[in-house]
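Dumped protein-v2.txt below, it's compact mmCIF, C-alpha atoms and all ligand atoms:
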```
# COMPACT_ATOMS: atom_id res chain seq x y z
CA MET A 814 3.11 -21.01 -47.07
CA SER A 815 1.03 -18.32 -45.54
CA ALA A 816 0.62 -18.15 -41.74
CA VAL A 817 -2.94 -16.96 -42.25
CA PRO A 818 -5.38 -19.91 -42.08
CA GLN A 819 -7.34 -20.68 -45.23
CA PRO A 820 -11.00 -19.63 -44.99
CA ASN A 821 -12.26 -23.19 -44.61
CA VAL A 822 -9.66 -23.87 -41.86
CA ALA A 823 -10.61 -20.66 -40.02
CA ALA A 824 -14.28 -21.53 -40.25
CA GLU A 825 -13.59 -25.08 -39.07
CA ARG A 826 -11.66 -23.79 -36.06
CA LYS A 827 -14.36 -21.24 -35.24
CA ALA A 828 -16.99 -23.99 -35.32
CA PHE A 829 -14.82 -26.11 -33.06
CA TYR A 830 -14.34 -23.24 -30.58
CA ASP A 831 -18.10 -22.56 -30.55
CA LYS A 832 -18.83 -26.24 -29.93
CA ILE A 833 -16.48 -26.65 -26.95
CA ASP A 834 -17.33 -23.18 -25.59
CA LYS A 835 -20.83 -24.39 -24.66
CA ALA A 836 -19.21 -26.86 -22.25
CA ASN A 837 -16.84 -24.26 -20.75
CA VAL A 838 -13.78 -25.51 -22.62
CA ALA A 839 -11.44 -23.16 -24.50
CA PRO A 840 -8.35 -23.43 -26.76
CA LEU A 841 -5.20 -22.30 -24.96
CA TRP A 842 -3.36 -21.45 -28.20
CA GLU A 843 -5.65 -18.50 -28.85
CA VAL A 844 -4.60 -16.79 -25.61
CA LEU A 845 -1.18 -18.28 -24.82
CA HIS A 846 0.85 -15.25 -25.93
CA GLY A 847 -1.15 -12.98 -23.66
CA ILE A 848 -0.66 -15.24 -20.63
CA LEU A 849 3.01 -16.15 -20.86
CA THR A 850 4.77 -12.88 -21.62
CA PRO A 851 8.53 -12.22 -21.78
CA THR A 852 8.22 -9.48 -19.13
CA PRO A 853 5.42 -8.33 -16.76
CA ASN A 854 2.37 -7.17 -18.71
CA THR A 855 0.64 -5.14 -16.02
CA PRO A 856 -2.40 -2.94 -16.69
CA CYS A 857 -1.06 -0.68 -13.88
CA LYS A 858 -0.04 2.78 -15.13
CA PRO A 859 2.27 5.38 -13.58
CA TYR A 860 0.31 8.22 -12.01
CA LEU A 861 0.56 10.99 -9.40
CA TRP A 862 -2.24 12.41 -7.24
CA LYS A 863 -1.48 16.00 -6.14
CA TRP A 864 -2.51 16.73 -2.57
CA ASP A 865 -3.68 20.20 -3.60
CA ALA A 866 -6.20 18.59 -5.98
CA VAL A 867 -7.35 15.79 -3.68
CA TRP A 868 -7.60 17.68 -0.37
CA PRO A 869 -10.63 19.83 -1.40
CA TRP A 870 -12.42 16.64 -2.53
CA ILE A 871 -11.63 14.95 0.78
CA GLN A 872 -13.15 17.95 2.59
CA GLU A 873 -16.18 17.86 0.28
CA ALA A 874 -16.67 14.16 1.09
CA GLY A 875 -16.59 15.19 4.76
CA ARG A 876 -19.62 17.41 4.15
CA LEU A 877 -21.50 14.78 2.13
CA ILE A 878 -21.32 11.75 4.41
CA THR A 879 -20.40 11.00 8.03
CA ALA A 880 -17.68 8.50 8.97
CA LYS A 881 -20.30 6.43 10.78
CA GLU A 882 -22.63 6.36 7.77
CA ALA A 883 -19.80 5.52 5.36
CA GLU A 884 -18.23 3.03 7.83
CA ARG A 885 -14.94 4.21 6.30
CA ARG A 886 -14.98 7.62 4.59
CA VAL A 887 -12.26 7.06 2.04
CA LEU A 888 -11.44 8.39 -1.41
CA VAL A 889 -9.81 5.53 -3.28
CA LEU A 890 -6.66 6.22 -5.31
CA GLU A 891 -7.67 4.27 -8.41
CA ASN A 892 -4.96 3.48 -10.87
CA PRO A 893 -5.90 4.91 -14.31
CA GLY A 894 -5.20 1.48 -15.85
CA LEU A 895 -7.46 -0.26 -13.33
CA ARG A 896 -10.49 2.03 -13.09
CA GLY A 897 -13.50 0.57 -11.31
CA ARG A 898 -11.40 -2.12 -9.63
CA THR A 899 -10.67 -0.25 -6.36
CA ARG A 900 -6.93 -0.64 -6.50
CA VAL A 901 -3.80 1.46 -6.87
CA THR A 902 -1.71 -1.38 -8.29
CA HIS A 903 -2.78 -4.77 -9.61
CA SER A 904 -2.47 -6.26 -6.11
CA MET A 905 -2.80 -3.35 -3.68
CA TYR A 906 -5.55 -1.01 -2.53
CA ALA A 907 -4.84 2.59 -1.49
CA GLY A 908 -7.22 5.23 -0.19
CA LEU A 909 -7.17 8.51 1.74
CA GLN A 910 -9.37 8.28 4.83
CA LEU A 911 -10.82 11.35 6.58
CA ILE A 912 -11.90 11.49 10.21
CA LEU A 913 -13.36 14.79 11.37
CA PRO A 914 -13.20 16.04 14.98
CA GLY A 915 -15.57 14.06 17.20
CA GLU A 916 -16.15 11.27 14.67
CA VAL A 917 -15.78 7.54 15.17
CA ALA A 918 -15.25 4.96 12.39
CA PRO A 919 -16.93 1.88 13.86
CA ALA A 920 -15.10 -1.29 14.83
CA HIS A 921 -14.83 -4.28 12.53
CA ARG A 922 -12.33 -6.96 11.63
CA HIS A 923 -11.47 -8.62 8.34
CA SER A 924 -9.06 -11.04 6.71
CA GLN A 925 -7.36 -8.23 4.82
CA SER A 926 -4.28 -6.70 6.45
CA ALA A 927 -4.12 -2.92 6.56
CA LEU A 928 -1.53 -0.23 7.02
CA ARG A 929 -2.20 3.39 7.93
CA PHE A 930 0.30 6.04 6.98
CA ILE A 931 -0.54 9.39 8.53
CA VAL A 932 -0.64 12.21 5.97
CA HIS A 933 -2.43 15.21 7.49
CA GLY A 934 -3.45 16.36 10.99
CA LYS A 935 -2.78 14.70 14.31
CA GLY A 936 -4.62 13.57 17.41
CA ALA A 937 -6.91 10.87 15.98
CA TYR A 938 -6.46 7.32 17.22
CA THR A 939 -6.58 3.80 15.89
CA ALA A 940 -7.48 1.06 18.34
CA VAL A 941 -6.22 -2.45 17.52
CA ASP A 942 -7.31 -5.38 19.68
CA GLY A 943 -7.97 -3.20 22.71
CA GLU A 944 -4.89 -0.98 22.42
CA ARG A 945 -5.29 2.62 21.34
CA VAL A 946 -2.56 4.66 19.65
CA THR A 947 -2.72 8.38 18.87
CA MET A 948 -1.28 9.14 15.46
CA SER A 949 0.87 11.94 14.00
CA PRO A 950 2.06 12.70 10.45
CA GLY A 951 4.60 10.17 9.16
CA ASP A 952 3.58 7.49 11.68
CA PHE A 953 3.13 3.98 10.30
CA VAL A 954 0.39 1.92 11.96
CA ILE A 955 -0.56 -1.72 11.32
CA THR A 956 -3.93 -3.43 11.56
CA PRO A 957 -3.10 -7.15 11.30
CA SER A 958 -5.44 -9.59 9.56
CA TRP A 959 -8.52 -10.47 11.66
CA THR A 960 -7.89 -7.96 14.46
CA TRP A 961 -10.65 -5.68 15.75
CA HIS A 962 -10.01 -2.06 14.84
CA ASP A 963 -11.79 1.26 14.98
CA HIS A 964 -10.74 4.87 14.54
CA GLY A 965 -11.77 8.06 16.31
CA ASN A 966 -10.82 11.70 16.36
CA PRO A 967 -11.07 13.43 19.75
CA SER A 968 -8.84 16.29 18.47
CA SER A 969 -10.04 19.61 17.06
CA GLU A 970 -8.66 19.16 13.52
CA PRO A 971 -9.51 16.91 10.58
CA MET A 972 -7.16 14.03 10.06
CA VAL A 973 -6.26 12.14 6.88
CA TRP A 974 -4.25 8.99 6.48
CA LEU A 975 -3.32 6.68 3.63
CA ASP A 976 -4.87 3.23 3.93
CA GLY A 977 -2.99 0.40 2.21
CA LEU A 978 -4.64 -3.02 2.04
CA ASP A 979 -4.00 -6.39 0.39
CA ILE A 980 -7.64 -6.60 -0.80
CA ALA A 981 -6.85 -7.89 -4.30
CA ILE A 982 -4.53 -10.62 -2.98
CA VAL A 983 -7.14 -11.88 -0.50
CA GLU A 984 -9.78 -11.65 -3.25
CA LEU A 985 -7.60 -13.69 -5.62
CA LEU A 986 -7.40 -16.38 -2.95
CA ASP A 987 -11.13 -16.17 -2.07
CA ALA A 988 -10.27 -15.95 1.62
CA GLN A 989 -12.28 -12.86 2.68
CA PHE A 990 -14.09 -12.71 6.02
CA LEU A 991 -15.61 -9.69 7.77
CA GLU A 992 -17.23 -9.32 11.18
CA ARG A 993 -18.90 -6.38 12.92
CA PRO A 994 -19.40 -6.31 16.69
CA PRO A 995 -22.64 -5.14 18.37
CA GLU A 996 -20.88 -2.08 19.89
CA GLU A 997 -19.32 0.49 17.56
CA SER A 998 -15.99 1.09 19.30
CA GLN A 999 -14.04 -1.42 21.31
CA GLN A 1000 -13.28 -1.23 24.97
CA THR A 1001 -9.69 -0.10 25.08
CA THR A 1002 -7.96 -1.76 27.97
CA ARG A 1003 -4.40 -0.89 27.17
CA THR A 1004 -2.49 2.33 26.51
CA GLY A 1005 -0.78 3.16 23.21
CA GLY A 1006 2.67 2.71 24.71
CA GLU A 1007 2.33 -0.92 25.67
CA SER A 1008 3.23 -2.71 22.44
CA PHE A 1009 5.91 -0.09 21.82
CA ALA A 1010 7.49 -0.81 25.23
CA ARG A 1011 7.42 -4.53 24.48
CA PHE A 1012 8.68 -4.48 20.91
CA GLY A 1013 9.72 -0.94 19.92
CA ASN A 1014 13.20 -0.86 21.40
CA THR A 1015 14.98 -3.74 19.60
CA MET A 1016 14.03 -5.85 22.63
CA MET A 1017 11.06 -8.08 23.39
CA PRO A 1018 9.63 -9.86 26.41
CA VAL A 1019 11.52 -13.01 27.39
CA GLY A 1020 9.51 -16.06 26.43
CA PHE A 1021 7.49 -14.23 23.73
CA THR A 1022 6.17 -16.55 21.05
CA PRO A 1023 4.67 -14.90 17.94
CA LYS A 1024 0.99 -15.73 17.39
CA SER A 1025 1.00 -14.56 13.77
CA LYS A 1026 3.34 -13.50 10.98
CA THR A 1027 2.38 -9.83 11.44
CA SER A 1028 4.51 -7.58 13.63
CA PRO A 1029 3.38 -7.47 17.28
CA LEU A 1030 4.46 -3.80 17.21
CA PHE A 1031 1.68 -1.91 15.49
CA TRP A 1032 2.88 1.69 15.80
CA TYR A 1033 6.13 2.96 14.24
CA PRO A 1034 6.37 6.67 15.14
CA TYR A 1035 7.84 9.00 12.53
CA ASP A 1036 10.35 10.73 14.81
CA ARG A 1037 12.21 7.43 15.32
CA THR A 1038 12.16 6.61 11.59
CA ARG A 1039 13.26 10.14 10.66
CA ASP A 1040 16.15 10.13 13.16
CA ALA A 1041 17.36 6.79 11.79
CA LEU A 1042 17.32 8.07 8.20
CA ALA A 1043 19.13 11.29 9.20
CA GLU A 1044 21.85 9.26 10.90
CA LEU A 1045 22.21 6.97 7.87
CA ALA A 1046 22.46 10.01 5.59
CA ARG A 1047 25.36 11.26 7.72
CA ALA A 1048 27.08 7.86 7.85
CA ASP A 1049 26.69 6.33 4.39
CA ALA A 1050 26.70 7.20 0.72
CA PRO A 1051 23.19 6.89 -0.73
CA HIS A 1052 22.24 3.91 -2.89
CA PRO A 1053 22.58 5.15 -6.50
CA CYS A 1054 18.92 4.40 -7.27
CA TYR A 1055 16.90 4.77 -4.06
CA GLY A 1056 19.02 6.81 -1.62
CA HIS A 1057 18.84 5.74 2.03
CA LYS A 1058 16.03 3.22 2.40
CA LEU A 1059 14.78 1.30 5.44
CA LYS A 1060 12.07 -1.33 5.55
CA TYR A 1061 9.55 -1.69 8.38
CA THR A 1062 10.22 -5.04 10.04
CA ASN A 1063 8.56 -7.43 12.43
CA PRO A 1064 10.90 -7.18 15.45
CA ALA A 1065 10.09 -10.75 16.51
CA THR A 1066 11.08 -12.36 13.20
CA GLY A 1067 13.17 -9.83 11.27
CA GLY A 1068 10.75 -10.25 8.34
CA TRP A 1069 8.44 -7.66 6.83
CA ALA A 1070 6.04 -5.95 9.29
CA ILE A 1071 3.02 -7.33 7.37
CA PRO A 1072 3.27 -10.71 5.58
CA THR A 1073 1.47 -9.49 2.44
CA ILE A 1074 2.54 -5.82 2.29
CA GLY A 1075 6.11 -4.54 2.22
CA SER A 1076 6.52 -0.99 3.50
CA CYS A 1077 9.59 1.24 3.44
CA MET A 1078 10.75 4.77 4.18
CA GLN A 1079 13.55 6.35 2.19
CA LEU A 1080 15.51 9.58 2.27
CA LEU A 1081 16.81 11.22 -0.91
CA PRO A 1082 19.55 13.78 -0.21
CA LYS A 1083 19.16 17.30 -1.57
CA GLY A 1084 20.17 17.32 -5.25
CA PHE A 1085 19.85 13.51 -5.56
CA ARG A 1086 19.73 12.28 -9.16
CA GLY A 1087 18.91 8.59 -9.09
CA GLN A 1088 19.94 5.99 -11.64
CA PRO A 1089 17.22 4.01 -13.45
CA TYR A 1090 15.73 1.21 -11.36
CA ARG A 1091 12.99 -1.35 -11.80
CA SER A 1092 11.50 -4.15 -9.76
CA THR A 1093 8.57 -6.53 -10.14
CA ASP A 1094 6.54 -5.02 -7.29
CA SER A 1095 4.32 -2.17 -8.49
CA THR A 1096 4.75 0.41 -5.73
CA CYS A 1097 2.63 3.18 -4.21
CA TYR A 1098 4.44 6.15 -2.63
CA SER A 1099 3.37 8.83 -0.15
CA VAL A 1100 5.59 11.92 -0.01
CA VAL A 1101 6.36 13.03 3.54
CA GLU A 1102 8.92 15.79 3.00
CA GLY A 1103 10.69 17.57 0.17
CA LYS A 1104 10.26 18.15 -3.53
CA GLY A 1105 11.50 16.29 -6.55
CA ARG A 1106 10.49 14.23 -9.54
CA ILE A 1107 9.62 10.66 -10.38
CA LYS A 1108 10.26 9.60 -13.96
CA ALA A 1109 8.41 6.38 -14.74
CA GLY A 1110 8.56 5.07 -18.30
CA ASP A 1111 7.93 8.03 -20.58
CA GLU A 1112 6.21 10.13 -17.91
CA THR A 1113 7.65 12.62 -15.43
CA PHE A 1114 5.74 13.81 -12.37
CA ALA A 1115 6.84 16.57 -9.98
CA PHE A 1116 6.14 15.63 -6.35
CA GLY A 1117 5.80 17.56 -3.11
CA PRO A 1118 4.62 16.82 0.45
CA LYS A 1119 1.41 14.73 0.79
CA ASP A 1120 1.40 13.80 -2.91
CA HIS A 1121 0.94 10.13 -3.83
CA PHE A 1122 2.29 8.32 -6.85
CA VAL A 1123 2.52 4.84 -8.29
CA VAL A 1124 5.27 3.09 -10.26
CA PRO A 1125 4.23 -0.08 -12.14
CA SER A 1126 5.99 -3.44 -12.12
CA TRP A 1127 9.20 -3.61 -14.17
CA MET A 1128 8.85 -0.06 -15.52
CA PRO A 1129 12.21 1.76 -15.35
CA SER A 1130 11.95 4.69 -12.96
CA VAL A 1131 14.22 7.49 -11.80
CA LEU A 1132 13.93 9.46 -8.55
CA GLU A 1133 15.24 13.01 -8.23
CA ALA A 1134 15.16 15.39 -5.26
CA ASP A 1135 15.64 19.15 -5.34
CA SER A 1136 15.39 19.42 -1.56
CA GLU A 1137 15.98 16.59 0.93
CA ALA A 1138 12.99 14.29 0.41
CA VAL A 1139 11.43 11.54 2.52
CA LEU A 1140 9.15 8.99 0.82
CA PHE A 1141 6.99 6.26 2.32
CA SER A 1142 6.13 3.35 0.02
CA PHE A 1143 4.34 0.01 0.01
CA SER A 1144 3.95 -2.95 -2.34
CA ASP A 1145 3.34 -6.71 -2.53
CA ARG A 1146 7.08 -7.45 -2.35
CA PRO A 1147 6.85 -9.89 0.64
CA VAL A 1148 4.42 -12.09 -1.32
CA GLN A 1149 6.68 -12.14 -4.36
CA GLU A 1150 9.75 -12.87 -2.22
CA VAL A 1151 8.18 -15.84 -0.45
CA LEU A 1152 7.13 -17.25 -3.84
CA ASP A 1153 10.61 -16.68 -5.39
CA LEU A 1154 9.12 -14.22 -7.91
CA TRP A 1155 10.62 -10.87 -6.90
CA ARG A 1156 13.23 -9.34 -9.22
CA GLU A 1157 15.00 -6.01 -9.47
CA ALA A 1158 17.38 -4.54 -12.05
CA TYR A 1159 19.57 -1.44 -12.15
FE FE B 1 -10.96 -2.10 8.39
```
Please express what this file holds, its structure, as structure tokens.
Amino acid sequence: MSAVPQPNVAAERKAFYDKIDKANVAPLWEVLHGILTPTPNTPCKPYLWKWDAVWPWIQEAGRLITAKEAERRVLVLENPGLRGRTRVTHSMYAGLQLILPGEVAPAHRHSQSALRFIVHGKGAYTAVDGERVTMSPGDFVITPSWTWHDHGNPSSEPMVWLDGLDIAIVELLDAQFLERPPEESQQTTRTGGESFARFGNTMMPVGFTPKSKTSPLFWYPYDRTRDALAELARADAPHPCYGHKLKYTNPATGGWAIPTIGSCMQLLPKGFRGQPYRSTDSTCYSVVEGKGRIKAGDETFAFGPKDHFVVPSWMPSVLEADSEAVLFSFSDRPVQEVLDLWREAY
């Protein structure tokens, strides 16, 4: 018996499909194998964006449009497997945002949660719900869902940070809201040190009750993160796959800093040669320090400071460092964990 349908059977099926198609009904068996796959079947591809290539384009964008006119002057890091879909992985958005001296990116708030990871320059600020924080390279800053935020640069140098947002997740759930206030920047009533004093010292105010699942600490300065990693590197042997790796947590709950976006910082010792690793969360990396290589699937990319790269879900990857390297990364891991979907293998 042949598995190929006889011509009359094929024609009969086609006629049936055409008939039910008009009423928005479709046969599952024609698409089943593409939906239920033995392993993740992501369109996300491994890729690396060199800072040296992107930085001139960021500067060119700065000459073409103002931050105010653009609302957010950002060059999106679009995954080559997801072109035109404004995303770096299947679930996450990433972009490099430029604020020039004297510019303001006007206030707004939206359902999407955002992280900022500072890549280049210092002295610009992000204001979140009335509290302003001045940012430096390697700092991790959170804009929780539905909080007012604006950015400004009173310094004398251009500043670039990586934006990471859960846009595709919120879009999947059709839960997007956006609001713009009449005035372009918010009245800042509190200093940048306030939330850090409350929550940045493994302590918190007595009687504090969290109002949301997002961390009440919205600024994680790099010098603290870097000191912690240096101490760990002195104390412990590195993990065979990912070296010394810390996750950014919500100090009030111990969970991830953002409920939809998991963010981490890791240190790879000089000469590190990682073992193959894979996990179900496609991950976007920003290189802070050092040089090395990421091998993802059949591709190998050399990385250096301020480069960005992406490793797709379930693709075996290997990290190597020629000099001591520090990597920031983010993914949808908290969402997968809460849904009992996250897996890793090594
Ligand atoms: Fe925003």
Go through the chains and note each residue within 10 Å of ligand FE 1 (chain B), using all atoms listed in the file, then give the set as a PyMOL selection string.
chain A and resi 884-885+918-928+956-964+976+978+991-992
For the atom pair atom CA of A:Val1101 and atom CA of A:Ala883, what is the interatomic distance in Å to one decimal place?
27.3 Å
Enumerate, in order of chain and increasing residue number, the residues of stretch 941-1060 of chain A with an atom no farther than 10 Å from stretch 889-910 of chain A, each with its shortest atom pair and distance in Å to one decimal, counting all atoms listed in the file, as JSON lines.
```
{"residue": "A:Met972", "atom": "CA", "partner": "A:Gln910", "partner_atom": "CA", "distance": 8.1}
{"residue": "A:Val973", "atom": "CA", "partner": "A:Gln910", "partner_atom": "CA", "distance": 5.4}
{"residue": "A:Trp974", "atom": "CA", "partner": "A:Gln910", "partner_atom": "CA", "distance": 5.4}
{"residue": "A:Leu975", "atom": "CA", "partner": "A:Leu909", "partner_atom": "CA", "distance": 4.7}
{"residue": "A:Asp976", "atom": "CA", "partner": "A:Gly908", "partner_atom": "CA", "distance": 5.1}
{"residue": "A:Gly977", "atom": "CA", "partner": "A:Ala907", "partner_atom": "CA", "distance": 4.7}
{"residue": "A:Leu978", "atom": "CA", "partner": "A:Tyr906", "partner_atom": "CA", "distance": 5.1}
{"residue": "A:Asp979", "atom": "CA", "partner": "A:Met905", "partner_atom": "CA", "distance": 5.2}
{"residue": "A:Ile980", "atom": "CA", "partner": "A:Tyr906", "partner_atom": "CA", "distance": 6.2}
{"residue": "A:Ala981", "atom": "CA", "partner": "A:Ser904", "partner_atom": "CA", "distance": 5.0}
{"residue": "A:Ile982", "atom": "CA", "partner": "A:Ser904", "partner_atom": "CA", "distance": 5.7}
{"residue": "A:Val983", "atom": "CA", "partner": "A:Ser904", "partner_atom": "CA", "distance": 9.2}
{"residue": "A:Glu984", "atom": "CA", "partner": "A:Ser904", "partner_atom": "CA", "distance": 9.5}
{"residue": "A:Leu985", "atom": "CA", "partner": "A:Ser904", "partner_atom": "CA", "distance": 9.0}
```
Would you put the residues from that selection into a file with C-alpha atoms, as a compact mmCIF listing (two decimals), keeping the file's coordinate frame?
```txt
# COMPACT_ATOMS: atom_id res chain seq x y z
CA MET A 972 -7.16 14.03 10.06
CA VAL A 973 -6.26 12.14 6.88
CA TRP A 974 -4.25 8.99 6.48
CA LEU A 975 -3.32 6.68 3.63
CA ASP A 976 -4.87 3.23 3.93
CA GLY A 977 -2.99 0.40 2.21
CA LEU A 978 -4.64 -3.02 2.04
CA ASP A 979 -4.00 -6.39 0.39
CA ILE A 980 -7.64 -6.60 -0.80
CA ALA A 981 -6.85 -7.89 -4.30
CA ILE A 982 -4.53 -10.62 -2.98
CA VAL A 983 -7.14 -11.88 -0.50
CA GLU A 984 -9.78 -11.65 -3.25
CA LEU A 985 -7.60 -13.69 -5.62
```
Of the candidates A:Thr947, A:Ser1008, A:Ser1092, A:Thr1038, which shows the shortest atom-to-atom distance to A:Ser1130, using only C-alpha atoms?
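Under the stated criterion, the closest residue is A:Ser1092.
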Pick out the residues sitting within 8 Å of A:Ala1070, and hand them over as a PDB file with C-alpha atoms, in the frame of the given file; count all atoms listed in the file, and ignore anything fewer than 4 positions along from it in its own chain.
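Saved as out_39.pdb:
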```
ATOM      1  CA  THR A1027       2.380  -9.830  11.440  1.00  0.00           C
ATOM      2  CA  SER A1028       4.510  -7.580  13.630  1.00  0.00           C
ATOM      3  CA  TYR A1061       9.550  -1.690   8.380  1.00  0.00           C
ATOM      4  CA  THR A1062      10.220  -5.040  10.040  1.00  0.00           C
ATOM      5  CA  ASN A1063       8.560  -7.430  12.430  1.00  0.00           C
ATOM      6  CA  PRO A1064      10.900  -7.180  15.450  1.00  0.00           C
ATOM      7  CA  ILE A1074       2.540  -5.820   2.290  1.00  0.00           C
ATOM      8  CA  GLY A1075       6.110  -4.540   2.220  1.00  0.00           C
ATOM      9  CA  SER A1076       6.520  -0.990   3.500  1.00  0.00           C
TER      10      SER A1076
END
```
When you draw a straight line from atom CA of A:Ile871 to atom CA of A:Glu1133, how long is it in Å?
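Computed distance, atom CA of A:Ile871 to atom CA of A:Glu1133, equals 28.4 Å.
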Can you measure atom CA of A:Pro1089 to atom CA of A:Arg1039 for me? One decimal in Å is fine.
25.2 Å
Assuming the input is short of atoms at stretch 1017-1036 of chain A, produce N, CA and C atoms for that part as a CSV table (one decimal), keeping the file's coordinate frame.
```
chain,number,residue,atom,x,y,z
A,1017,MET,N,12.4,-7.6,23.3
A,1017,MET,CA,11.1,-8.1,23.4
A,1017,MET,C,11.0,-8.9,24.7
A,1018,PRO,N,9.8,-9.1,25.2
A,1018,PRO,CA,9.6,-9.9,26.4
A,1018,PRO,C,10.2,-11.3,26.3
A,1019,VAL,N,10.9,-11.7,27.3
A,1019,VAL,CA,11.5,-13.0,27.4
A,1019,VAL,C,10.4,-14.0,27.3
A,1020,GLY,N,10.5,-15.0,26.5
A,1020,GLY,CA,9.5,-16.1,26.4
A,1020,GLY,C,8.4,-15.7,25.4
A,1021,PHE,N,8.5,-14.6,24.7
A,1021,PHE,CA,7.5,-14.2,23.7
A,1021,PHE,C,7.5,-15.2,22.6
A,1022,THR,N,6.3,-15.7,22.2
A,1022,THR,CA,6.2,-16.6,21.0
A,1022,THR,C,5.2,-15.9,20.1
A,1023,PRO,N,5.6,-15.6,18.9
A,1023,PRO,CA,4.7,-14.9,17.9
A,1023,PRO,C,3.4,-15.7,17.7
A,1024,LYS,N,2.3,-15.0,17.7
A,1024,LYS,CA,1.0,-15.7,17.4
A,1024,LYS,C,0.6,-15.6,15.9
A,1025,SER,N,1.3,-14.7,15.2
A,1025,SER,CA,1.0,-14.6,13.8
A,1025,SER,C,2.3,-14.1,13.1
A,1026,LYS,N,2.2,-14.0,11.8
A,1026,LYS,CA,3.3,-13.5,11.0
A,1026,LYS,C,3.4,-12.0,11.0
A,1027,THR,N,2.4,-11.3,11.4
A,1027,THR,CA,2.4,-9.8,11.4
A,1027,THR,C,3.1,-9.3,12.7
A,1028,SER,N,3.8,-8.2,12.5
A,1028,SER,CA,4.5,-7.6,13.6
A,1028,SER,C,3.6,-7.4,14.9
A,1029,PRO,N,4.1,-7.8,16.1
A,1029,PRO,CA,3.4,-7.5,17.3
A,1029,PRO,C,3.5,-6.0,17.7
A,1030,LEU,N,4.4,-5.3,17.0
A,1030,LEU,CA,4.5,-3.8,17.2
A,1030,LEU,C,3.6,-3.2,16.2
A,1031,PHE,N,2.6,-2.4,16.5
A,1031,PHE,CA,1.7,-1.9,15.5
A,1031,PHE,C,1.8,-0.4,15.3
A,1032,TRP,N,2.7,0.2,16.0
A,1032,TRP,CA,2.9,1.7,15.8
A,1032,TRP,C,4.4,2.0,15.6
A,1033,TYR,N,4.7,2.6,14.5
A,1033,TYR,CA,6.1,3.0,14.2
A,1033,TYR,C,6.1,4.5,14.1
A,1034,PRO,N,6.5,5.2,15.2
A,1034,PRO,CA,6.4,6.7,15.1
A,1034,PRO,C,7.4,7.3,14.2
A,1035,TYR,N,7.0,8.4,13.5
A,1035,TYR,CA,7.8,9.0,12.5
A,1035,TYR,C,9.1,9.5,13.1
A,1036,ASP,N,9.1,10.1,14.3
A,1036,ASP,CA,10.4,10.7,14.8
A,1036,ASP,C,11.5,9.7,14.9
```
